[in-house]
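Shown next: input-v3.txt, given as compact mmCIF, C-alpha atoms.
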```txt
# COMPACT_ATOMS: atom_id res chain seq x y z
CA MET A 1 70.27 143.67 144.89
CA PHE A 2 70.56 145.98 141.86
CA HIS A 3 72.06 149.45 141.75
CA GLY A 4 73.15 152.35 139.57
CA SER A 5 71.96 153.30 136.10
CA MET A 6 69.54 150.70 134.76
CA VAL A 7 68.40 151.49 131.25
CA ALA A 8 64.71 151.18 130.39
CA LEU A 9 65.70 149.79 127.00
CA VAL A 10 63.89 150.64 123.77
CA THR A 11 62.97 147.83 121.37
CA PRO A 12 64.59 148.62 118.00
CA MET A 13 62.16 148.25 115.10
CA GLN A 14 62.25 148.66 111.36
CA GLU A 15 59.90 151.17 109.72
CA ASP A 16 57.30 148.42 109.24
CA GLY A 17 57.36 147.63 112.99
CA ALA A 18 59.40 144.42 112.69
CA ILE A 19 61.80 143.88 115.60
CA ASP A 20 65.41 144.49 114.54
CA GLU A 21 67.61 141.98 116.39
CA ASP A 22 70.85 143.22 114.82
CA SER A 23 70.22 146.72 116.17
CA LEU A 24 69.18 145.22 119.49
CA GLU A 25 72.50 143.42 119.84
CA ALA A 26 74.45 146.54 118.85
CA LEU A 27 72.47 148.60 121.37
CA LEU A 28 73.22 146.12 124.15
CA GLU A 29 76.93 146.22 123.33
CA PHE A 30 76.75 150.03 123.42
CA HIS A 31 75.39 149.78 126.96
CA ILE A 32 77.95 147.23 128.09
CA SER A 33 80.83 149.39 126.81
CA SER A 34 79.31 152.53 128.36
CA GLY A 35 79.01 151.15 131.89
CA THR A 36 75.24 150.67 132.16
CA ASP A 37 74.62 148.74 135.38
CA ALA A 38 71.57 146.70 134.31
CA ILE A 39 69.22 146.23 131.36
CA VAL A 40 65.47 146.56 131.86
CA ALA A 41 63.98 144.87 128.81
CA VAL A 42 60.45 144.97 127.36
CA GLY A 43 59.04 147.52 129.76
CA THR A 44 57.04 150.63 128.88
CA THR A 45 59.98 152.14 126.97
CA GLY A 46 60.37 148.81 125.18
CA GLU A 47 56.80 149.13 123.81
CA SER A 48 55.58 146.08 125.71
CA ALA A 49 51.99 147.20 125.16
CA THR A 50 52.28 146.59 121.41
CA LEU A 51 54.03 143.21 121.57
CA ASN A 52 52.16 139.92 121.63
CA GLU A 53 53.13 137.28 124.21
CA LYS A 54 55.31 135.32 121.77
CA GLU A 55 57.26 138.46 120.82
CA HIS A 56 57.51 139.55 124.45
CA CYS A 57 58.94 136.25 125.67
CA GLY A 58 61.15 135.88 122.61
CA LEU A 59 62.67 139.33 123.16
CA LEU A 60 63.42 138.52 126.80
CA ARG A 61 65.21 135.33 125.77
CA ARG A 62 67.26 137.14 123.13
CA VAL A 63 68.31 139.93 125.49
CA VAL A 64 69.45 137.41 128.10
CA GLU A 65 71.34 135.45 125.44
CA MET A 66 73.02 138.58 124.06
CA ILE A 67 74.01 139.93 127.48
CA ARG A 68 75.61 136.59 128.45
CA GLY A 69 75.59 137.32 132.17
CA ARG A 70 77.78 140.42 131.92
CA ILE A 71 75.26 142.66 133.71
CA PRO A 72 71.83 141.90 135.22
CA VAL A 73 68.74 141.70 133.04
CA ILE A 74 65.43 142.79 134.55
CA ALA A 75 62.41 141.66 132.54
CA GLY A 76 59.33 143.82 132.21
CA THR A 77 56.46 141.41 132.87
CA GLY A 78 53.60 143.49 134.25
CA ALA A 79 50.01 143.36 133.03
CA ASN A 80 46.58 144.47 134.17
CA CYS A 81 45.42 140.86 134.25
CA THR A 82 46.97 139.02 137.20
CA GLN A 83 47.12 135.67 135.40
CA GLU A 84 48.77 137.24 132.35
CA ALA A 85 51.34 138.91 134.60
CA ILE A 86 52.05 135.55 136.23
CA GLU A 87 52.55 133.93 132.82
CA LEU A 88 54.85 136.72 131.60
CA THR A 89 56.82 136.63 134.86
CA ARG A 90 57.24 132.87 134.54
CA CYS A 91 58.44 133.50 130.99
CA GLY A 92 60.98 136.02 132.29
CA MET A 93 62.26 133.54 134.86
CA GLU A 94 62.52 130.75 132.28
CA ALA A 95 64.36 133.12 129.90
CA GLY A 96 67.05 133.54 132.57
CA ALA A 97 66.31 137.10 133.70
CA ASP A 98 67.73 138.14 137.07
CA ALA A 99 64.49 139.83 138.16
CA CYS A 100 61.15 141.01 136.85
CA LEU A 101 59.62 144.50 136.85
CA LEU A 102 55.87 144.59 137.45
CA VAL A 103 53.90 147.75 136.67
CA ALA A 104 50.78 148.51 138.66
CA PRO A 105 47.71 147.25 136.77
CA TYR A 106 46.48 149.89 134.35
CA TYR A 107 43.01 150.84 133.12
CA ASN A 108 40.94 148.69 135.51
CA LYS A 109 41.79 150.97 138.51
CA PRO A 110 42.07 148.41 141.35
CA THR A 111 41.80 149.37 145.00
CA GLN A 112 44.83 149.24 147.29
CA GLU A 113 43.61 145.82 148.46
CA GLY A 114 43.40 144.71 144.84
CA LEU A 115 46.95 145.92 144.22
CA TYR A 116 48.19 144.09 147.29
CA ARG A 117 46.55 140.81 146.24
CA HIS A 118 47.72 141.21 142.61
CA PHE A 119 51.39 141.64 143.47
CA ARG A 120 51.32 139.03 146.22
CA ALA A 121 49.75 136.48 143.87
CA ILE A 122 52.50 137.00 141.29
CA ALA A 123 55.25 136.77 143.89
CA GLU A 124 53.82 133.56 145.32
CA ALA A 125 53.34 132.01 141.87
CA VAL A 126 56.81 132.73 140.43
CA PRO A 127 59.96 132.45 142.61
CA ILE A 128 62.05 135.16 140.95
CA PRO A 129 63.09 138.52 142.48
CA GLN A 130 60.42 141.10 141.65
CA ILE A 131 60.46 144.90 141.53
CA LEU A 132 57.15 146.74 141.79
CA TYR A 133 56.59 149.72 139.49
CA ASN A 134 54.41 152.71 140.33
CA VAL A 135 53.73 155.14 137.49
CA PRO A 136 50.26 156.65 138.07
CA GLY A 137 50.69 159.12 135.22
CA ARG A 138 50.33 156.16 132.85
CA THR A 139 48.30 153.63 134.82
CA VAL A 140 45.77 155.96 136.54
CA CYS A 141 46.45 153.78 139.56
CA ASP A 142 48.67 154.83 142.49
CA LEU A 143 50.47 152.17 144.55
CA LEU A 144 50.64 153.92 147.92
CA PRO A 145 53.58 153.66 150.34
CA GLU A 146 51.42 151.88 152.92
CA THR A 147 50.55 149.16 150.38
CA ILE A 148 54.22 148.84 149.41
CA ALA A 149 54.96 148.36 153.12
CA ARG A 150 52.41 145.52 153.26
CA LEU A 151 54.16 143.85 150.32
CA ALA A 152 57.73 144.45 151.53
CA PRO A 153 57.87 141.35 153.78
CA VAL A 154 57.20 139.07 150.78
CA SER A 155 60.62 137.47 150.34
CA ASN A 156 60.99 137.82 146.57
CA ILE A 157 59.61 141.37 146.32
CA VAL A 158 62.97 143.14 146.40
CA GLY A 159 62.31 146.67 145.16
CA ILE A 160 59.99 149.43 144.03
CA LYS A 161 60.44 151.69 141.00
CA GLU A 162 58.76 154.96 142.00
CA ALA A 163 58.06 157.18 138.98
CA THR A 164 55.95 159.95 140.50
CA GLY A 165 58.93 162.31 140.78
CA ASP A 166 57.68 163.15 144.30
CA LEU A 167 60.67 163.20 146.66
CA GLU A 168 58.42 163.26 149.73
CA ARG A 169 56.83 160.06 148.44
CA GLY A 170 60.31 158.58 148.15
CA ARG A 171 61.14 159.59 151.72
CA ARG A 172 57.95 157.95 152.97
CA ILE A 173 58.76 154.67 151.19
CA LEU A 174 62.26 154.69 152.66
CA GLU A 175 60.86 155.35 156.14
CA LEU A 176 58.32 152.54 155.89
CA CYS A 177 60.33 149.82 154.19
CA GLY A 178 63.87 150.96 153.38
CA ASP A 179 65.32 148.02 155.32
CA GLN A 180 63.12 145.48 153.51
CA LEU A 181 63.30 146.47 149.85
CA ASP A 182 65.26 148.79 147.58
CA LEU A 183 63.87 152.02 146.16
CA TYR A 184 64.63 152.99 142.56
CA SER A 185 63.80 156.20 140.74
CA GLY A 186 61.66 156.01 137.64
CA ASP A 187 61.89 159.74 136.98
CA ASP A 188 65.18 160.94 135.48
CA ALA A 189 64.64 164.58 136.44
CA THR A 190 64.57 163.76 140.17
CA ALA A 191 66.71 160.61 140.15
CA MET A 192 69.85 162.25 141.50
CA GLU A 193 68.02 163.70 144.49
CA LEU A 194 66.22 160.42 145.22
CA ILE A 195 69.49 158.47 145.15
CA LEU A 196 71.07 161.01 147.51
CA LEU A 197 68.10 160.37 149.83
CA GLY A 198 68.78 156.63 149.84
CA ALA A 199 67.48 155.12 146.60
CA LYS A 200 69.70 152.49 145.00
CA GLY A 201 69.56 153.71 141.41
CA ASP A 202 67.54 154.92 138.47
CA ILE A 203 65.57 152.91 135.90
CA SER A 204 66.23 155.43 133.20
CA VAL A 205 64.98 156.62 129.82
CA THR A 206 67.86 159.12 129.51
CA ALA A 207 70.35 156.24 129.83
CA ASN A 208 69.25 155.03 126.40
CA VAL A 209 71.09 157.93 124.78
CA ALA A 210 73.60 158.94 127.49
CA PRO A 211 74.53 155.68 129.24
CA LYS A 212 78.05 156.62 130.31
CA ALA A 213 76.98 159.93 131.81
CA MET A 214 74.02 158.37 133.61
CA HIS A 215 76.23 155.60 135.02
CA GLU A 216 78.72 158.16 136.31
CA MET A 217 76.03 160.41 137.78
CA CYS A 218 74.33 157.53 139.58
CA ALA A 219 77.66 156.27 140.90
CA ALA A 220 78.49 159.72 142.30
CA ALA A 221 75.07 160.02 143.94
CA LEU A 222 75.35 156.51 145.41
CA ALA A 223 78.72 157.52 146.87
CA GLY A 224 77.06 160.55 148.46
CA ASP A 225 79.08 163.04 146.41
CA ARG A 226 76.45 165.71 145.78
CA ALA A 227 78.81 168.18 144.11
CA LEU A 228 80.03 165.65 141.54
CA ALA A 229 76.55 164.24 140.97
CA GLU A 230 75.18 167.73 140.30
CA ARG A 231 78.04 168.51 137.91
CA LEU A 232 77.39 165.31 135.97
CA ASP A 233 73.61 165.75 135.96
CA GLN A 234 73.60 169.35 134.74
CA PRO A 235 74.28 168.61 131.02
CA LEU A 236 71.61 165.88 131.10
CA ARG A 237 68.74 167.97 132.43
CA ALA A 238 67.45 169.02 129.03
CA LEU A 239 67.34 165.33 128.06
CA HIS A 240 65.48 164.45 131.26
CA ARG A 241 62.85 166.98 130.17
CA ASP A 242 62.79 166.73 126.39
CA LEU A 243 62.75 162.93 126.09
CA PHE A 244 59.18 163.33 127.36
CA ILE A 245 58.19 166.18 125.04
CA GLU A 246 55.80 163.64 123.48
CA SER A 247 54.75 160.27 124.85
CA SER A 248 57.74 158.06 125.64
CA PRO A 249 59.31 156.22 123.87
CA ILE A 250 58.57 158.45 120.85
CA PRO A 251 61.30 161.06 121.58
CA VAL A 252 63.96 158.62 122.79
CA LYS A 253 63.56 156.38 119.75
CA TRP A 254 63.83 159.43 117.47
CA ALA A 255 66.97 160.47 119.40
CA LEU A 256 68.58 157.04 119.05
CA HIS A 257 67.83 157.08 115.32
CA GLU A 258 69.33 160.58 115.10
CA MET A 259 72.45 159.17 116.78
CA GLY A 260 72.61 156.40 114.16
CA LEU A 261 71.98 153.61 116.68
CA ILE A 262 68.58 152.21 115.63
CA PRO A 263 66.13 152.32 112.72
CA PRO A 264 63.18 154.75 113.01
CA GLY A 265 60.43 152.17 113.66
CA LEU A 266 57.55 152.46 116.14
CA ARG A 267 54.31 150.56 116.33
CA LEU A 268 50.87 152.17 116.24
CA PRO A 269 49.27 153.77 118.12
CA LEU A 270 52.64 155.50 118.62
CA THR A 271 53.69 157.79 115.77
CA PRO A 272 57.00 159.46 114.83
CA LEU A 273 58.17 162.51 116.76
CA SER A 274 56.41 165.65 115.52
CA GLU A 275 58.66 167.73 113.30
CA HIS A 276 58.32 170.83 115.47
CA CYS A 277 59.98 168.87 118.34
CA HIS A 278 63.07 167.81 116.38
CA THR A 279 65.19 170.87 117.09
CA GLN A 280 64.47 170.80 120.82
CA VAL A 281 65.42 167.12 121.21
CA ARG A 282 68.46 167.54 118.95
CA ASP A 283 69.63 170.49 121.05
CA ALA A 284 69.25 168.42 124.23
CA LEU A 285 71.38 165.67 122.68
CA ARG A 286 74.05 168.21 121.77
CA GLN A 287 73.99 169.73 125.24
CA ALA A 288 74.62 166.27 126.68
CA GLY A 289 77.45 165.72 124.18
CA VAL A 290 76.05 162.47 122.83
CA LEU A 291 75.59 163.32 119.16
CA LYS A 292 79.36 163.88 118.82
CA THR A 293 80.03 160.71 120.85
CA ALA A 294 77.77 158.67 118.62
CA ALA A 295 79.44 160.00 115.47
CA ALA A 296 82.86 159.07 116.86
CA LYS A 297 81.74 155.54 117.41
```
Represent the supplied structure as structure tokens.
Amino acid sequence: MFHGSMVALVTPMQEDGAIDEDSLEALLEFHISSGTDAIVAVGTTGESATLNEKEHCGLLRRVVEMIRGRIPVIAGTGANCTQEAIELTRCGMEAGADACLLVAPYYNKPTQEGLYRHFRAIAEAVPIPQILYNVPGRTVCDLLPETIARLAPVSNIVGIKEATGDLERGRRILELCGDQLDLYSGDDATAMELILLGAKGDISVTANVAPKAMHEMCAAALAGDRALAERLDQPLRALHRDLFIESSPIPVKWALHEMGLIPPGLRLPLTPLSEHCHTQVRDALRQAGVLKTAAAK
């Protein structure tokens, strides 16, 4: 249903933490002009954990309005409370999103049966296409391939974002349910390889700062052109690594500010990128060629 480079969009904020809608609109236009294939709004990279429900739903509406149907919008609507996730997913549907992205419940550490019932309840309550999201490094909760396979027959569960970076895990998901739902990478460093295995795209942090290059790399991998995909991915590999030098989205928001695309704001408990990391992230941006690109714009 969705494919290619799908940016896990940051939420631009002023230094006091206020959401900056002017920068948001400029950032969306940057992605449209750069070939980004879909916008994933108000997910982890969008600091959903620090937004209240009114802000969350309001941001989803504004992103849909600003995109004006030019590319798909996938709304981050996951929560560790099933009823809250249902309400946020309904909000995403009412905002006009094309699909919703639902992270595995964090902190309360549900069983596999609990995960199955959680995602099934949301899918049955809200008739919008839904993509599951497994990121155990953040949630301390691992949605296993066998549980994904139990959920795959649910008609509006259309995909899984797998962020473990484990290619064998990706193979297993494709074996169990590749004909029932789409697999997406949630790990930029292994995204090319996962797409070459059969994934449909990458929900990407790197695409925030290098959208054109990520679009081209994903397109090459989707076409099965390993040589071209590797050539395009090579200059991005330092970004894939260094945009996680501290907790995301700290480095990527610093990078976008360095590129002149957003203000420097974050909300506590996130703090600005440590000074000793600046040179490393700046060098990764230069290696990818995006600082010069940003200046030209």
Work out how far CA of Cys100 (chain A) is from CA of Pro264 (chain A), in Å to one decimal.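 Interatomic distance, CA of Pro264 (chain A) to CA of Cys100 (chain A): 27.6 Å.
Proximity to Leu181 (chain A) at 8 Å, evaluated using all atoms listed in the file and with sequence-adjacent residues fewer than 5 positions away removed, yields Ala152, Ile157, Val158, Gly159 and Ile160 of chain A.
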Using all atoms listed in the file, can you list as a VMD selection string the residues within 12 Å of (48.5, 137.1, 134.4)? chain A and resid 53 77 to 91 102 105 118 to 119 121 to 123 125 to 126
Across A:Cys218, A:Val40, A:Val281, A:Val252, the smallest distance to Ile195 (chain A), with only C-alpha atoms counted, is shown by A:Cys218
Nearest to Leu228 (chain A) by atom-to-atom distance, counting all atoms listed in the file, from A:Pro263, A:Leu174, A:Leu183, A:Ala213:
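Nearest candidate to Leu228 (chain A) out of A:Pro263, A:Leu174, A:Leu183, A:Ala213: A:Ala213.
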Gap from CA of Thr271 (chain A) to CA of Leu285 (chain A) - Å, one decimal: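 Atom-to-atom, CA of Thr271 (chain A) to CA of Leu285 (chain A), that is 20.6 Å.
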| field | Selection: 9 Å around Ser34 (chain A), all atoms listed in the file, excl. self and same-chain fewer than 2 positions, as a ChimeraX atom specification | value | /A:29-32,36,210-213,215
Here CA of Glu193 (chain A) and CA of His3 (chain A) stand apart by 15.1 Å
Compile the contact shell of Ala207 (chain A) as an mmCIF file with C-alpha atoms, in the frame of the given file: residues with an atom at most 12 Å away, counting only C-alpha atoms, same-chain residues fewer than 4 positions apart removed.
```cif
data_model
loop_
_atom_site.group_PDB
_atom_site.id
_atom_site.type_symbol
_atom_site.label_atom_id
_atom_site.label_comp_id
_atom_site.auth_asym_id
_atom_site.auth_seq_id
_atom_site.Cartn_x
_atom_site.Cartn_y
_atom_site.Cartn_z
ATOM 1 C CA GLY A 4 73.150 152.350 139.570
ATOM 2 C CA SER A 5 71.960 153.300 136.100
ATOM 3 C CA MET A 6 69.540 150.700 134.760
ATOM 4 C CA VAL A 7 68.400 151.490 131.250
ATOM 5 C CA ALA A 8 64.710 151.180 130.390
ATOM 6 C CA LEU A 9 65.700 149.790 127.000
ATOM 7 C CA VAL A 10 63.890 150.640 123.770
ATOM 8 C CA LEU A 27 72.470 148.600 121.370
ATOM 9 C CA LEU A 28 73.220 146.120 124.150
ATOM 10 C CA PHE A 30 76.750 150.030 123.420
ATOM 11 C CA HIS A 31 75.390 149.780 126.960
ATOM 12 C CA ILE A 32 77.950 147.230 128.090
ATOM 13 C CA SER A 34 79.310 152.530 128.360
ATOM 14 C CA GLY A 35 79.010 151.150 131.890
ATOM 15 C CA THR A 36 75.240 150.670 132.160
ATOM 16 C CA ASP A 37 74.620 148.740 135.380
ATOM 17 C CA ALA A 38 71.570 146.700 134.310
ATOM 18 C CA ILE A 39 69.220 146.230 131.360
ATOM 19 C CA VAL A 40 65.470 146.560 131.860
ATOM 20 C CA THR A 45 59.980 152.140 126.970
ATOM 21 C CA GLY A 186 61.660 156.010 137.640
ATOM 22 C CA ASP A 187 61.890 159.740 136.980
ATOM 23 C CA ASP A 188 65.180 160.940 135.480
ATOM 24 C CA ALA A 191 66.710 160.610 140.150
ATOM 25 C CA GLY A 201 69.560 153.710 141.410
ATOM 26 C CA ASP A 202 67.540 154.920 138.470
ATOM 27 C CA ILE A 203 65.570 152.910 135.900
ATOM 28 C CA PRO A 211 74.530 155.680 129.240
ATOM 29 C CA LYS A 212 78.050 156.620 130.310
ATOM 30 C CA ALA A 213 76.980 159.930 131.810
ATOM 31 C CA MET A 214 74.020 158.370 133.610
ATOM 32 C CA HIS A 215 76.230 155.600 135.020
ATOM 33 C CA GLU A 216 78.720 158.160 136.310
ATOM 34 C CA MET A 217 76.030 160.410 137.780
ATOM 35 C CA CYS A 218 74.330 157.530 139.580
ATOM 36 C CA ASP A 233 73.610 165.750 135.960
ATOM 37 C CA LEU A 236 71.610 165.880 131.100
ATOM 38 C CA LEU A 239 67.340 165.330 128.060
ATOM 39 C CA HIS A 240 65.480 164.450 131.260
ATOM 40 C CA LEU A 243 62.750 162.930 126.090
ATOM 41 C CA VAL A 252 63.960 158.620 122.790
ATOM 42 C CA ALA A 255 66.970 160.470 119.400
ATOM 43 C CA LEU A 256 68.580 157.040 119.050
ATOM 44 C CA LEU A 285 71.380 165.670 122.680
ATOM 45 C CA ALA A 288 74.620 166.270 126.680
ATOM 46 C CA VAL A 290 76.050 162.470 122.830
#
```
Judged by all atoms listed in the file, the minimum distance to Glu65 (chain A) among A:Leu144, A:Leu51, A:Cys277, A:Ala95 is found for A:Ala95
Across A:Ala223, A:Leu176, A:Ala104, A:Ile128, the smallest distance to Cys141 (chain A), with only C-alpha atoms counted, is shown by A:Ala104
If I wrap all listed atoms of region 121-136 of chain A in a box with edges along x, y and z and add 3 Å on each side, what are its centre and edge lengths in Å to one decimal, as AutoDock Vina command-line options?
```
--center_x 56.4 --center_y 144.3 --center_z 141.4 --size_x 19.3 --size_y 30.6 --size_z 13.8
```
**Message:** Considering only C-alpha atoms, can you say which of A:Ile245, A:Thr44, A:Arg150, A:Gly96 comes closest to Arg62 (chain A)?
**Reply:**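 Counting only C-alpha atoms, the residue closest to Arg62 (chain A) is A:Gly96.
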Give me the residues within 12 Å of Gly224 (chain A) as JSON, numbers by chain, counting all atoms listed in the file and dropping any in the same chain fewer than 2 places off.
-> {"A": [192, 193, 194, 195, 196, 197, 198, 199, 200, 217, 218, 219, 220, 221, 222, 226, 227, 228, 229, 230]}
Dig up all the protein and nucleic acid residues within 10 Å of (53.5, 150.7, 114.6) in the file frame, using only C-alpha atoms, and format them as a compact mmCIF listing (two decimals) with C-alpha atoms, keeping the file's coordinate frame.
```txt
# COMPACT_ATOMS: atom_id res chain seq x y z
CA MET A 13 62.16 148.25 115.10
CA GLN A 14 62.25 148.66 111.36
CA GLU A 15 59.90 151.17 109.72
CA ASP A 16 57.30 148.42 109.24
CA GLY A 17 57.36 147.63 112.99
CA ALA A 18 59.40 144.42 112.69
CA GLU A 47 56.80 149.13 123.81
CA THR A 50 52.28 146.59 121.41
CA GLY A 265 60.43 152.17 113.66
CA LEU A 266 57.55 152.46 116.14
CA ARG A 267 54.31 150.56 116.33
CA LEU A 268 50.87 152.17 116.24
CA PRO A 269 49.27 153.77 118.12
CA LEU A 270 52.64 155.50 118.62
CA THR A 271 53.69 157.79 115.77
CA PRO A 272 57.00 159.46 114.83
```
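With distances restricted to all atoms listed in the file, A:Val140 is the closest residue to Asn108 (chain A) from A:Ile148, A:Leu273, A:Leu261, A:Val140.
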Would you mind writing region 176-203 of chain A with N, CA and C atoms, as a PDB file, in the coordinates of the input?
```pdb
ATOM      1  N   LEU A 176      59.166 153.690 155.607  1.00  0.00           N
ATOM      2  CA  LEU A 176      58.320 152.540 155.890  1.00  0.00           C
ATOM      3  C   LEU A 176      58.996 151.210 155.618  1.00  0.00           C
ATOM      4  N   CYS A 177      59.820 151.141 154.585  1.00  0.00           N
ATOM      5  CA  CYS A 177      60.330 149.820 154.190  1.00  0.00           C
ATOM      6  C   CYS A 177      61.730 149.856 153.597  1.00  0.00           C
ATOM      7  N   GLY A 178      62.528 150.866 153.931  1.00  0.00           N
ATOM      8  CA  GLY A 178      63.870 150.960 153.380  1.00  0.00           C
ATOM      9  C   GLY A 178      64.790 149.834 153.776  1.00  0.00           C
ATOM     10  N   ASP A 179      64.493 149.146 154.904  1.00  0.00           N
ATOM     11  CA  ASP A 179      65.320 148.020 155.320  1.00  0.00           C
ATOM     12  C   ASP A 179      64.831 146.694 154.770  1.00  0.00           C
ATOM     13  N   GLN A 180      63.704 146.721 154.022  1.00  0.00           N
ATOM     14  CA  GLN A 180      63.120 145.480 153.510  1.00  0.00           C
ATOM     15  C   GLN A 180      63.178 145.369 151.979  1.00  0.00           C
ATOM     16  N   LEU A 181      63.175 146.503 151.306  1.00  0.00           N
ATOM     17  CA  LEU A 181      63.300 146.470 149.850  1.00  0.00           C
ATOM     18  C   LEU A 181      64.003 147.722 149.375  1.00  0.00           C
ATOM     19  N   ASP A 182      64.511 147.670 148.146  1.00  0.00           N
ATOM     20  CA  ASP A 182      65.260 148.790 147.580  1.00  0.00           C
ATOM     21  C   ASP A 182      64.327 149.717 146.800  1.00  0.00           C
ATOM     22  N   LEU A 183      64.610 150.998 146.900  1.00  0.00           N
ATOM     23  CA  LEU A 183      63.870 152.020 146.160  1.00  0.00           C
ATOM     24  C   LEU A 183      64.681 152.433 144.943  1.00  0.00           C
ATOM     25  N   TYR A 184      64.005 152.527 143.796  1.00  0.00           N
ATOM     26  CA  TYR A 184      64.630 152.990 142.560  1.00  0.00           C
ATOM     27  C   TYR A 184      63.813 154.146 141.992  1.00  0.00           C
ATOM     28  N   SER A 185      64.496 155.115 141.428  1.00  0.00           N
ATOM     29  CA  SER A 185      63.800 156.200 140.740  1.00  0.00           C
ATOM     30  C   SER A 185      63.311 155.712 139.374  1.00  0.00           C
ATOM     31  N   GLY A 186      62.142 156.210 138.996  1.00  0.00           N
ATOM     32  CA  GLY A 186      61.660 156.010 137.640  1.00  0.00           C
ATOM     33  C   GLY A 186      61.436 157.333 136.948  1.00  0.00           C
ATOM     34  N   ASP A 187      62.057 158.382 137.500  1.00  0.00           N
ATOM     35  CA  ASP A 187      61.890 159.740 136.980  1.00  0.00           C
ATOM     36  C   ASP A 187      63.273 160.366 136.879  1.00  0.00           C
ATOM     37  N   ASP A 188      63.805 160.479 135.657  1.00  0.00           N
ATOM     38  CA  ASP A 188      65.180 160.940 135.480  1.00  0.00           C
ATOM     39  C   ASP A 188      65.425 162.328 136.063  1.00  0.00           C
ATOM     40  N   ALA A 189      64.438 163.206 135.991  1.00  0.00           N
ATOM     41  CA  ALA A 189      64.640 164.580 136.440  1.00  0.00           C
ATOM     42  C   ALA A 189      64.904 164.686 137.936  1.00  0.00           C
ATOM     43  N   THR A 190      64.382 163.740 138.716  1.00  0.00           N
ATOM     44  CA  THR A 190      64.570 163.760 140.170  1.00  0.00           C
ATOM     45  C   THR A 190      65.414 162.596 140.668  1.00  0.00           C
ATOM     46  N   ALA A 191      65.977 161.825 139.756  1.00  0.00           N
ATOM     47  CA  ALA A 191      66.710 160.610 140.150  1.00  0.00           C
ATOM     48  C   ALA A 191      67.904 160.922 141.046  1.00  0.00           C
ATOM     49  N   MET A 192      68.667 161.934 140.700  1.00  0.00           N
ATOM     50  CA  MET A 192      69.850 162.250 141.500  1.00  0.00           C
ATOM     51  C   MET A 192      69.453 162.533 142.948  1.00  0.00           C
ATOM     52  N   GLU A 193      68.441 163.352 143.135  1.00  0.00           N
ATOM     53  CA  GLU A 193      68.020 163.700 144.490  1.00  0.00           C
ATOM     54  C   GLU A 193      67.495 162.470 145.236  1.00  0.00           C
ATOM     55  N   LEU A 194      66.761 161.607 144.551  1.00  0.00           N
ATOM     56  CA  LEU A 194      66.220 160.420 145.220  1.00  0.00           C
ATOM     57  C   LEU A 194      67.338 159.469 145.632  1.00  0.00           C
ATOM     58  N   ILE A 195      68.351 159.324 144.788  1.00  0.00           N
ATOM     59  CA  ILE A 195      69.490 158.470 145.150  1.00  0.00           C
ATOM     60  C   ILE A 195      70.230 159.061 146.349  1.00  0.00           C
ATOM     61  N   LEU A 196      70.407 160.374 146.373  1.00  0.00           N
ATOM     62  CA  LEU A 196      71.070 161.010 147.510  1.00  0.00           C
ATOM     63  C   LEU A 196      70.256 160.819 148.797  1.00  0.00           C
ATOM     64  N   LEU A 197      68.943 160.643 148.661  1.00  0.00           N
ATOM     65  CA  LEU A 197      68.100 160.370 149.830  1.00  0.00           C
ATOM     66  C   LEU A 197      68.225 158.935 150.314  1.00  0.00           C
ATOM     67  N   GLY A 198      68.661 158.027 149.432  1.00  0.00           N
ATOM     68  CA  GLY A 198      68.780 156.630 149.840  1.00  0.00           C
ATOM     69  C   GLY A 198      68.328 155.609 148.824  1.00  0.00           C
ATOM     70  N   ALA A 199      67.824 156.062 147.662  1.00  0.00           N
ATOM     71  CA  ALA A 199      67.480 155.120 146.600  1.00  0.00           C
ATOM     72  C   ALA A 199      68.736 154.450 146.066  1.00  0.00           C
ATOM     73  N   LYS A 200      68.558 153.273 145.460  1.00  0.00           N
ATOM     74  CA  LYS A 200      69.700 152.490 145.000  1.00  0.00           C
ATOM     75  C   LYS A 200      70.042 152.690 143.532  1.00  0.00           C
ATOM     76  N   GLY A 201      69.251 153.487 142.817  1.00  0.00           N
ATOM     77  CA  GLY A 201      69.560 153.710 141.410  1.00  0.00           C
ATOM     78  C   GLY A 201      68.386 154.282 140.658  1.00  0.00           C
ATOM     79  N   ASP A 202      68.514 154.301 139.353  1.00  0.00           N
ATOM     80  CA  ASP A 202      67.540 154.920 138.470  1.00  0.00           C
ATOM     81  C   ASP A 202      67.259 153.981 137.299  1.00  0.00           C
ATOM     82  N   ILE A 203      65.985 153.634 137.106  1.00  0.00           N
ATOM     83  CA  ILE A 203      65.570 152.910 135.900  1.00  0.00           C
ATOM     84  C   ILE A 203      65.209 153.985 134.891  1.00  0.00           C
TER      85      ILE A 203
END
```
